[in-house]
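Novice: Structure supplied as final-v1.json; contents: JSON, C-alpha atoms.
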[["chain", "number", "residue", "atom", "x", "y", "z"],
["A", 1, "MET", "CA", -157.52, 47.95, 10.63],
["A", 2, "LYS", "CA", -160.00, 47.12, 7.88],
["A", 3, "ILE", "CA", -163.57, 46.11, 8.60],
["A", 4, "VAL", "CA", -165.93, 44.92, 5.87],
["A", 5, "LEU", "CA", -169.66, 45.18, 6.44],
["A", 6, "ILE", "CA", -171.77, 42.65, 4.54],
["A", 7, "VAL", "CA", -175.11, 44.43, 4.11],
["A", 8, "GLU", "CA", -178.35, 44.01, 2.23],
["A", 9, "GLY", "CA", -178.27, 47.07, 0.03],
["A", 10, "GLU", "CA", -178.21, 50.79, -0.56],
["A", 11, "THR", "CA", -180.00, 51.82, 2.65],
["A", 12, "GLU", "CA", -177.19, 50.48, 4.79],
["A", 13, "ARG", "CA", -174.70, 52.11, 2.42],
["A", 14, "ALA", "CA", -176.42, 55.44, 3.11],
["A", 15, "PHE", "CA", -175.89, 54.75, 6.82],
["A", 16, "LYS", "CA", -172.10, 54.50, 6.41],
["A", 17, "PRO", "CA", -171.18, 58.23, 6.57],
["A", 18, "HIS", "CA", -173.25, 58.69, 9.73],
["A", 19, "LEU", "CA", -171.64, 55.61, 11.25],
["A", 20, "ILE", "CA", -168.17, 56.94, 10.40],
["A", 21, "THR", "CA", -168.94, 60.36, 11.88],
["A", 22, "PHE", "CA", -169.98, 58.72, 15.15],
["A", 23, "LEU", "CA", -167.05, 56.29, 15.27],
["A", 24, "THR", "CA", -164.47, 58.95, 14.45],
["A", 25, "GLU", "CA", -165.28, 60.67, 17.73],
["A", 26, "LYS", "CA", -165.09, 57.41, 19.66],
["A", 27, "LEU", "CA", -161.96, 56.01, 18.00],
["A", 28, "ALA", "CA", -159.56, 58.92, 17.78],
["A", 29, "GLY", "CA", -156.31, 57.54, 16.39],
["A", 30, "ARG", "CA", -157.85, 54.07, 15.98],
["A", 31, "MET", "CA", -160.43, 54.64, 13.27],
["A", 32, "PRO", "CA", -160.66, 51.61, 10.95],
["A", 33, "ALA", "CA", -161.21, 51.63, 7.23],
["A", 34, "ILE", "CA", -164.82, 50.55, 6.77],
["A", 35, "LYS", "CA", -165.81, 48.96, 3.47],
["A", 36, "ILE", "CA", -169.29, 47.98, 2.30],
["A", 37, "ASN", "CA", -170.09, 44.67, 0.62],
["A", 38, "SER", "CA", -173.73, 44.94, -0.48],
["A", 39, "HIS", "CA", -176.02, 42.20, -1.80],
["A", 40, "ASN", "CA", -179.15, 43.45, -3.57],
["A", 41, "GLY", "CA", -181.58, 43.39, -0.66],
["A", 42, "HIS", "CA", -180.67, 40.07, 0.96],
["A", 43, "ILE", "CA", -177.32, 39.00, 2.41],
["A", 44, "PRO", "CA", -176.07, 35.52, 1.43],
["A", 45, "THR", "CA", -177.18, 32.54, 3.50],
["A", 46, "GLY", "CA", -175.80, 29.07, 4.15],
["A", 47, "ASP", "CA", -172.55, 28.05, 2.49],
["A", 48, "LYS", "CA", -172.62, 31.14, 0.27],
["A", 49, "LEU", "CA", -172.25, 33.39, 3.31],
["A", 50, "LYS", "CA", -169.28, 31.31, 4.48],
["A", 51, "ARG", "CA", -167.63, 31.65, 1.07],
["A", 52, "VAL", "CA", -168.14, 35.42, 1.01],
["A", 53, "VAL", "CA", -166.72, 35.83, 4.53],
["A", 54, "GLU", "CA", -163.68, 33.67, 3.79],
["A", 55, "ARG", "CA", -163.03, 35.49, 0.51],
["A", 56, "LEU", "CA", -163.09, 38.87, 2.28],
["A", 57, "LEU", "CA", -160.82, 37.70, 5.10],
["A", 58, "ASN", "CA", -158.35, 36.04, 2.74],
["A", 59, "ASP", "CA", -158.30, 38.55, -0.11],
["A", 60, "SER", "CA", -154.77, 38.54, -1.56],
["A", 61, "LYS", "CA", -154.72, 42.32, -2.11],
["A", 62, "GLU", "CA", -156.81, 43.86, 0.67],
["A", 63, "PRO", "CA", -157.79, 41.28, 3.29],
["A", 64, "ALA", "CA", -160.27, 42.33, 5.95],
["A", 65, "ASP", "CA", -159.22, 42.13, 9.58],
["A", 66, "HIS", "CA", -162.85, 41.60, 10.58],
["A", 67, "VAL", "CA", -166.11, 40.97, 8.72],
["A", 68, "ILE", "CA", -169.48, 41.97, 10.12],
["A", 69, "ALA", "CA", -172.67, 40.65, 8.54],
["A", 70, "LEU", "CA", -175.66, 42.92, 9.08],
["A", 71, "THR", "CA", -179.06, 41.54, 8.11],
["A", 72, "ASP", "CA", -182.64, 42.54, 8.79],
["A", 73, "VAL", "CA", -184.66, 40.05, 10.83],
["A", 74, "TYR", "CA", -187.58, 40.82, 8.52],
["A", 75, "THR", "CA", -186.25, 39.75, 5.12],
["A", 76, "GLY", "CA", -189.61, 39.24, 3.43],
["A", 77, "ASN", "CA", -188.97, 35.48, 3.41],
["A", 78, "MET", "CA", -189.32, 34.81, 7.16],
["A", 79, "ASP", "CA", -185.77, 33.45, 7.24],
["A", 80, "PHE", "CA", -185.38, 34.38, 10.90],
["A", 81, "ILE", "CA", -187.64, 34.28, 13.95],
["A", 82, "ASN", "CA", -185.86, 37.04, 15.84],
["A", 83, "ALA", "CA", -182.44, 38.63, 16.33],
["A", 84, "ALA", "CA", -181.01, 35.71, 18.31],
["A", 85, "ASP", "CA", -182.13, 33.22, 15.67],
["A", 86, "ALA", "CA", -180.58, 35.30, 12.87],
["A", 87, "LYS", "CA", -177.23, 35.61, 14.66],
["A", 88, "ASN", "CA", -177.17, 31.92, 15.59],
["A", 89, "LYS", "CA", -177.87, 30.84, 12.01],
["A", 90, "MET", "CA", -175.17, 33.12, 10.59],
["A", 91, "ARG", "CA", -172.65, 31.76, 13.10],
["A", 92, "GLN", "CA", -173.58, 28.18, 12.15],
["A", 93, "TRP", "CA", -173.28, 28.93, 8.43],
["A", 94, "VAL", "CA", -169.86, 30.55, 8.73],
["A", 95, "GLY", "CA", -168.47, 28.28, 11.45],
["A", 96, "ASP", "CA", -166.00, 28.99, 14.21],
["A", 97, "ASN", "CA", -164.22, 32.19, 13.17],
["A", 98, "ASN", "CA", -163.37, 34.88, 15.68],
["A", 99, "ARG", "CA", -163.00, 37.49, 12.92],
["A", 100, "PHE", "CA", -166.62, 37.09, 11.80],
["A", 101, "HIS", "CA", -169.34, 38.93, 13.70],
["A", 102, "PRO", "CA", -173.06, 38.45, 12.92],
["A", 103, "HIS", "CA", -175.42, 41.34, 13.68],
["A", 104, "VAL", "CA", -179.00, 42.26, 12.89],
["A", 105, "ALA", "CA", -181.38, 45.15, 12.57],
["A", 106, "GLN", "CA", -184.58, 44.05, 14.32],
["A", 107, "ASN", "CA", -186.86, 43.90, 12.54],
["A", 108, "ASP", "CA", -185.37, 45.98, 9.73],
["A", 109, "PHE", "CA", -182.94, 48.86, 9.24],
["A", 110, "GLU", "CA", -185.69, 51.46, 9.57],
["A", 111, "ALA", "CA", -186.03, 50.58, 13.27],
["A", 112, "TRP", "CA", -182.86, 52.64, 13.69],
["A", 113, "LEU", "CA", -184.61, 55.61, 12.03],
["A", 114, "LEU", "CA", -187.70, 55.55, 14.26],
["A", 115, "PRO", "CA", -186.01, 57.45, 17.14],
["A", 116, "TYR", "CA", -185.89, 60.43, 14.77],
["A", 117, "TRP", "CA", -189.64, 60.46, 14.14],
["A", 118, "GLU", "CA", -189.87, 64.26, 14.29],
["A", 119, "ALA", "CA", -187.40, 64.45, 11.39],
["A", 120, "ILE", "CA", -189.45, 61.83, 9.53],
["A", 121, "GLN", "CA", -192.61, 63.90, 10.10],
["A", 122, "GLU", "CA", -190.87, 67.01, 8.81],
["A", 123, "LEU", "CA", -189.52, 65.34, 5.68],
["A", 124, "SER", "CA", -192.80, 63.58, 4.90],
["A", 125, "LYS", "CA", -194.89, 66.68, 5.70],
["A", 126, "ASN", "CA", -197.24, 64.56, 7.79],
["A", 127, "LYS", "CA", -197.94, 64.36, 11.53],
["A", 128, "MET", "CA", -198.82, 60.66, 11.75],
["A", 129, "SER", "CA", -197.97, 59.33, 15.22],
["A", 130, "ALA", "CA", -194.95, 57.09, 15.73],
["A", 131, "PRO", "CA", -195.46, 53.39, 16.45],
["A", 132, "SER", "CA", -195.66, 52.66, 20.17],
["A", 133, "GLY", "CA", -192.91, 50.93, 22.14],
["A", 134, "LEU", "CA", -189.20, 50.69, 21.55],
["A", 135, "PRO", "CA", -188.12, 50.81, 17.89],
["A", 136, "GLU", "CA", -186.79, 47.27, 17.76],
["A", 137, "THR", "CA", -190.04, 45.84, 19.13],
["A", 138, "VAL", "CA", -191.99, 46.97, 16.05],
["A", 139, "ASN", "CA", -192.75, 43.55, 14.64],
["A", 140, "HIS", "CA", -193.00, 41.31, 11.58],
["A", 141, "THR", "CA", -196.67, 42.14, 11.04],
["A", 142, "LYS", "CA", -195.90, 45.77, 10.30],
["A", 143, "PRO", "CA", -192.13, 46.27, 10.45],
["A", 144, "PRO", "CA", -190.51, 49.70, 10.82],
["A", 145, "ALA", "CA", -190.02, 50.24, 7.06],
["A", 146, "TYR", "CA", -193.80, 49.98, 6.59],
["A", 147, "TRP", "CA", -194.36, 52.77, 9.12],
["A", 148, "VAL", "CA", -191.85, 55.02, 7.39],
["A", 149, "LYS", "CA", -193.34, 54.27, 3.96],
["A", 150, "GLU", "CA", -196.85, 54.95, 5.27],
["A", 151, "ILE", "CA", -196.08, 58.37, 6.69],
["A", 152, "PHE", "CA", -194.38, 59.38, 3.45],
["A", 153, "ASN", "CA", -197.36, 58.10, 1.44],
["A", 154, "ARG", "CA", -199.76, 60.08, 3.62],
["A", 155, "GLY", "CA", -197.78, 63.30, 3.24],
["A", 156, "ASN", "CA", -197.80, 65.65, 0.30],
["A", 157, "ASN", "CA", -194.33, 64.56, -0.66],
["A", 158, "ARG", "CA", -192.41, 62.01, -2.69],
["A", 159, "SER", "CA", -192.65, 58.35, -1.73],
["A", 160, "TYR", "CA", -190.05, 57.02, 0.68],
["A", 161, "VAL", "CA", -186.86, 56.06, -1.14],
["A", 162, "LYS", "CA", -184.67, 54.10, 1.26],
["A", 163, "PRO", "CA", -181.13, 55.29, 0.50],
["A", 164, "ARG", "CA", -182.09, 58.90, -0.19],
["A", 165, "ASP", "CA", -184.41, 59.38, 2.76],
["A", 166, "ALA", "CA", -182.45, 57.35, 5.32],
["A", 167, "ASP", "CA", -179.57, 59.74, 4.68],
["A", 168, "ARG", "CA", -181.85, 62.78, 4.99],
["A", 169, "ILE", "CA", -183.39, 61.52, 8.23],
["A", 170, "LEU", "CA", -180.00, 60.90, 9.84],
["A", 171, "ARG", "CA", -178.25, 64.01, 8.55],
["A", 172, "GLY", "CA", -176.92, 66.07, 11.45],
["A", 173, "LYS", "CA", -178.42, 63.74, 14.05],
["A", 174, "ASP", "CA", -176.74, 62.33, 17.15],
["A", 175, "LEU", "CA", -176.48, 58.59, 16.49],
["A", 176, "SER", "CA", -176.25, 57.90, 20.22],
["A", 177, "ILE", "CA", -179.99, 58.69, 20.48],
["A", 178, "ALA", "CA", -180.78, 55.60, 18.39],
["A", 179, "ILE", "CA", -178.02, 53.56, 20.00],
["A", 180, "HIS", "CA", -179.53, 53.95, 23.45],
["A", 181, "LYS", "CA", -183.02, 53.01, 22.20],
["A", 182, "CYS", "CA", -181.96, 50.10, 19.99],
["A", 183, "PRO", "CA", -180.03, 47.27, 21.71],
["A", 184, "GLU", "CA", -179.13, 45.55, 18.43],
["A", 185, "LEU", "CA", -177.68, 48.78, 17.04],
["A", 186, "LYS", "CA", -175.70, 49.21, 20.26],
["A", 187, "ALA", "CA", -174.37, 45.65, 19.96],
["A", 188, "PHE", "CA", -173.30, 46.32, 16.37],
["A", 189, "ILE", "CA", -171.52, 49.55, 17.33],
["A", 190, "ASN", "CA", -169.90, 47.89, 20.35],
["A", 191, "THR", "CA", -168.44, 45.14, 18.18],
["A", 192, "ILE", "CA", -166.67, 47.75, 16.06],
["A", 193, "LEU", "CA", -165.47, 49.60, 19.14],
["A", 194, "TYR", "CA", -164.23, 46.36, 20.71],
["A", 195, "VAL", "CA", -162.22, 45.08, 17.75],
["A", 196, "CYS", "CA", -160.64, 48.53, 17.39],
["A", 197, "GLY", "CA", -159.67, 48.70, 21.06],
["A", 198, "GLY", "CA", -162.15, 51.45, 21.88],
["A", 199, "THR", "CA", -164.40, 51.90, 24.91],
["A", 200, "GLN", "CA", -167.72, 50.14, 24.49],
["A", 201, "ILE", "CA", -171.03, 51.89, 25.17],
["A", 202, "SER", "CA", -172.74, 50.79, 28.37]]
If you took the structure in this file and wrote it as structure tokens, what would it be?

Specialist:
Amino acid sequence: MKIVLIVEGETERAFKPHLITFLTEKLAGRMPAIKINSHNGHIPTGDKLKRVVERLLNDSKEPADHVIALTDVYTGNMDFINAADAKNKMRQWVGDNNRFHPHVAQNDFEAWLLPYWEAIQELSKNKMSAPSGLPETVNHTKPPAYWVKEIFNRGNNRSYVKPRDADRILRGKDLSIAIHKCPELKAFINTILYVCGGTQIS
């Protein structure tokens, strides 16, 4: 089984080893090969997304069994209203294809880091309070990445660098903590578990 993840950039690439560690425990004997297809901060839209998906599924040398597109809701361009809108648009762009699975980080990838706020405080050397509410409800006005950048800027430390610090925040952490606080992350994980014949997370 080969799954290709279409992602925005290096932050999601840094997430891959933590994703694999989690999935390896859940998919003993069924673990897929997971490949990253990254796109400089913004996944393709419209017909371009359809072409990318079809190319990955029909590659003559290493075709993907499934392709998952993972975008932020907050893209900087207000492409999407919310998670449902983003998934609906990606489905429309690609068309009817049961091997394509659209998913989102609402409102951006850093929402999935917010459950580890104590680790963020430690790395940033600052005790700024976490945003209130569930991580994926932190909105367009001040999306999760802004909160993470702000606490790093307030601390006596280096500025937040997405791929480096996302990896540091997640290192050694139980991914199920974020999964149970972030419905869109759970949906993303459950798609992988489902197509691999694993038990989905309730």

Novice: Using all atoms listed in the file, pick whichever of A:Asn98, A:Thr137, A:Ser159, A:Gln121 has the shortest atom-to-atom distance to Val67 (chain A).

Specialist: A:Asn98

Novice: I'd like the neighbourhood of region 44-56 of chain A as a list in words, where a residue qualifies if any of its atoms comes within 9 Å (using all atoms listed in the file), though same-chain residues fewer than 3 positions away should be ignored.

Specialist: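 The neighbour list is Val4, Ile6, Glu8, His39, Asp59, Glu62, Pro63, Ala64, Asp65, His66, Val67, Ile68, Ala69, Lys89, Met90, Gln92, Trp93, Val94, Gly95 and Phe100 of chain A.
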
Novice: CA of Ser38 (chain A) and CA of Gly9 (chain A) are how many Å apart?

Specialist: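 Spanning CA of Ser38 (chain A) to CA of Gly9 (chain A) is a straight-line distance of 5.0 Å.
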
Novice: Residues at most 12 Å from Ile192 (chain A), counting only C-alpha atoms, excluding those fewer than 5 positions away in the same chain, as a PyMOL selection string?

Specialist: chain A and resi 1-5+19-20+22-24+26-27+30-34+65-69+99-103+185-187+197-201

Novice: Could you dump the residues just selected with C-alpha atoms as a PDB file, keeping the file's coordinate frame?

Specialist:
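And here is the file that came out, selection.pdb:
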ATOM      1  CA  MET A   1    -157.520  47.950  10.630  1.00  0.00           C
ATOM      2  CA  LYS A   2    -160.000  47.120   7.880  1.00  0.00           C
ATOM      3  CA  ILE A   3    -163.570  46.110   8.600  1.00  0.00           C
ATOM      4  CA  VAL A   4    -165.930  44.920   5.870  1.00  0.00           C
ATOM      5  CA  LEU A   5    -169.660  45.180   6.440  1.00  0.00           C
ATOM      6  CA  LEU A  19    -171.640  55.610  11.250  1.00  0.00           C
ATOM      7  CA  ILE A  20    -168.170  56.940  10.400  1.00  0.00           C
ATOM      8  CA  PHE A  22    -169.980  58.720  15.150  1.00  0.00           C
ATOM      9  CA  LEU A  23    -167.050  56.290  15.270  1.00  0.00           C
ATOM     10  CA  THR A  24    -164.470  58.950  14.450  1.00  0.00           C
ATOM     11  CA  LYS A  26    -165.090  57.410  19.660  1.00  0.00           C
ATOM     12  CA  LEU A  27    -161.960  56.010  18.000  1.00  0.00           C
ATOM     13  CA  ARG A  30    -157.850  54.070  15.980  1.00  0.00           C
ATOM     14  CA  MET A  31    -160.430  54.640  13.270  1.00  0.00           C
ATOM     15  CA  PRO A  32    -160.660  51.610  10.950  1.00  0.00           C
ATOM     16  CA  ALA A  33    -161.210  51.630   7.230  1.00  0.00           C
ATOM     17  CA  ILE A  34    -164.820  50.550   6.770  1.00  0.00           C
ATOM     18  CA  ASP A  65    -159.220  42.130   9.580  1.00  0.00           C
ATOM     19  CA  HIS A  66    -162.850  41.600  10.580  1.00  0.00           C
ATOM     20  CA  VAL A  67    -166.110  40.970   8.720  1.00  0.00           C
ATOM     21  CA  ILE A  68    -169.480  41.970  10.120  1.00  0.00           C
ATOM     22  CA  ALA A  69    -172.670  40.650   8.540  1.00  0.00           C
ATOM     23  CA  ARG A  99    -163.000  37.490  12.920  1.00  0.00           C
ATOM     24  CA  PHE A 100    -166.620  37.090  11.800  1.00  0.00           C
ATOM     25  CA  HIS A 101    -169.340  38.930  13.700  1.00  0.00           C
ATOM     26  CA  PRO A 102    -173.060  38.450  12.920  1.00  0.00           C
ATOM     27  CA  HIS A 103    -175.420  41.340  13.680  1.00  0.00           C
ATOM     28  CA  LEU A 185    -177.680  48.780  17.040  1.00  0.00           C
ATOM     29  CA  LYS A 186    -175.700  49.210  20.260  1.00  0.00           C
ATOM     30  CA  ALA A 187    -174.370  45.650  19.960  1.00  0.00           C
ATOM     31  CA  GLY A 197    -159.670  48.700  21.060  1.00  0.00           C
ATOM     32  CA  GLY A 198    -162.150  51.450  21.880  1.00  0.00           C
ATOM     33  CA  THR A 199    -164.400  51.900  24.910  1.00  0.00           C
ATOM     34  CA  GLN A 200    -167.720  50.140  24.490  1.00  0.00           C
ATOM     35  CA  ILE A 201    -171.030  51.890  25.170  1.00  0.00           C
TER      36      ILE A 201
END

Novice: Pick from A:Asp85, A:Asp167, A:Glu10, A:Glu136: nearest to Ala119 (chain A), with only C-alpha atoms counted?

Specialist: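 Among A:Asp85, A:Asp167, A:Glu10, A:Glu136, it is A:Asp167 that comes nearest to Ala119 (chain A).
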
Novice: As an exercise, work out the distance from CA of Arg168 (chain A) to CA of Gly41 (chain A) in Å and give it to one decimal place.

Specialist: 20.2 Å

Novice: So what do you get for CA of Ile120 (chain A) versus CA of Asn40 (chain A), distance-wise?

Specialist: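 Calculated distance between CA of Ile120 (chain A) and CA of Asn40 (chain A) is 24.8 Å.
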
Novice: Would you mind listing what lies within 6 Å of Gly155 (chain A) as a PDB file with C-alpha atoms, in the frame of the given file, with only C-alpha atoms counted and same-chain residues fewer than 5 positions away left out?

Specialist:
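Once everything was written out, this is out_24.pdb:
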ATOM      1  CA  SER A 124    -192.800  63.580   4.900  1.00  0.00           C
ATOM      2  CA  LYS A 125    -194.890  66.680   5.700  1.00  0.00           C
ATOM      3  CA  ASN A 126    -197.240  64.560   7.790  1.00  0.00           C
TER       4      ASN A 126
END

Novice: When you look at Leu123 (chain A) with a cut-off of 10 Å (counting only C-alpha atoms), what residues show up, excluding the ones that are within fewer than 6 positions of it in the same chain? I need them as a PyMOL selection string.

Specialist: chain A and resi 117+151-152+155-158+160+165+168-169

Novice: Between A:Lys61, A:His18, A:Lys35, A:Lys127, which has the minimum distance to Asn153 (chain A) (counting all atoms listed in the file)?

Specialist: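 The closest residue to Asn153 (chain A) is A:Lys127.
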
Novice: Find the residue from A:Met128, A:Cys182, A:Ala145, A:Leu57 that sits nearest to Phe109 (chain A); use only C-alpha atoms when measuring.

Specialist: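 For Phe109 (chain A), the nearest of the candidates is A:Ala145.
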
Novice: Between A:Thr191, A:Asn37, A:Asn107, A:Asn97, which residue has the minimum interatomic distance to Ala83 (chain A), considering all atoms listed in the file?

Specialist: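 Of A:Thr191, A:Asn37, A:Asn107, A:Asn97, the one nearest Ala83 (chain A), counting all atoms listed in the file, is A:Asn107.
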
Novice: Trp112 (chain A): which residues within 9 Å, counting all atoms listed in the file, same-chain residues fewer than 6 positions away excluded, as a ChimeraX atom specification?

Specialist: /A:105-106,135-136,144,178-179,181-182,185

Novice: Go through A:Val195, A:Val148, A:Leu134, A:Val73 and flag the residue nearest Leu113 (chain A), using only C-alpha atoms for the distances.

Specialist: A:Val148
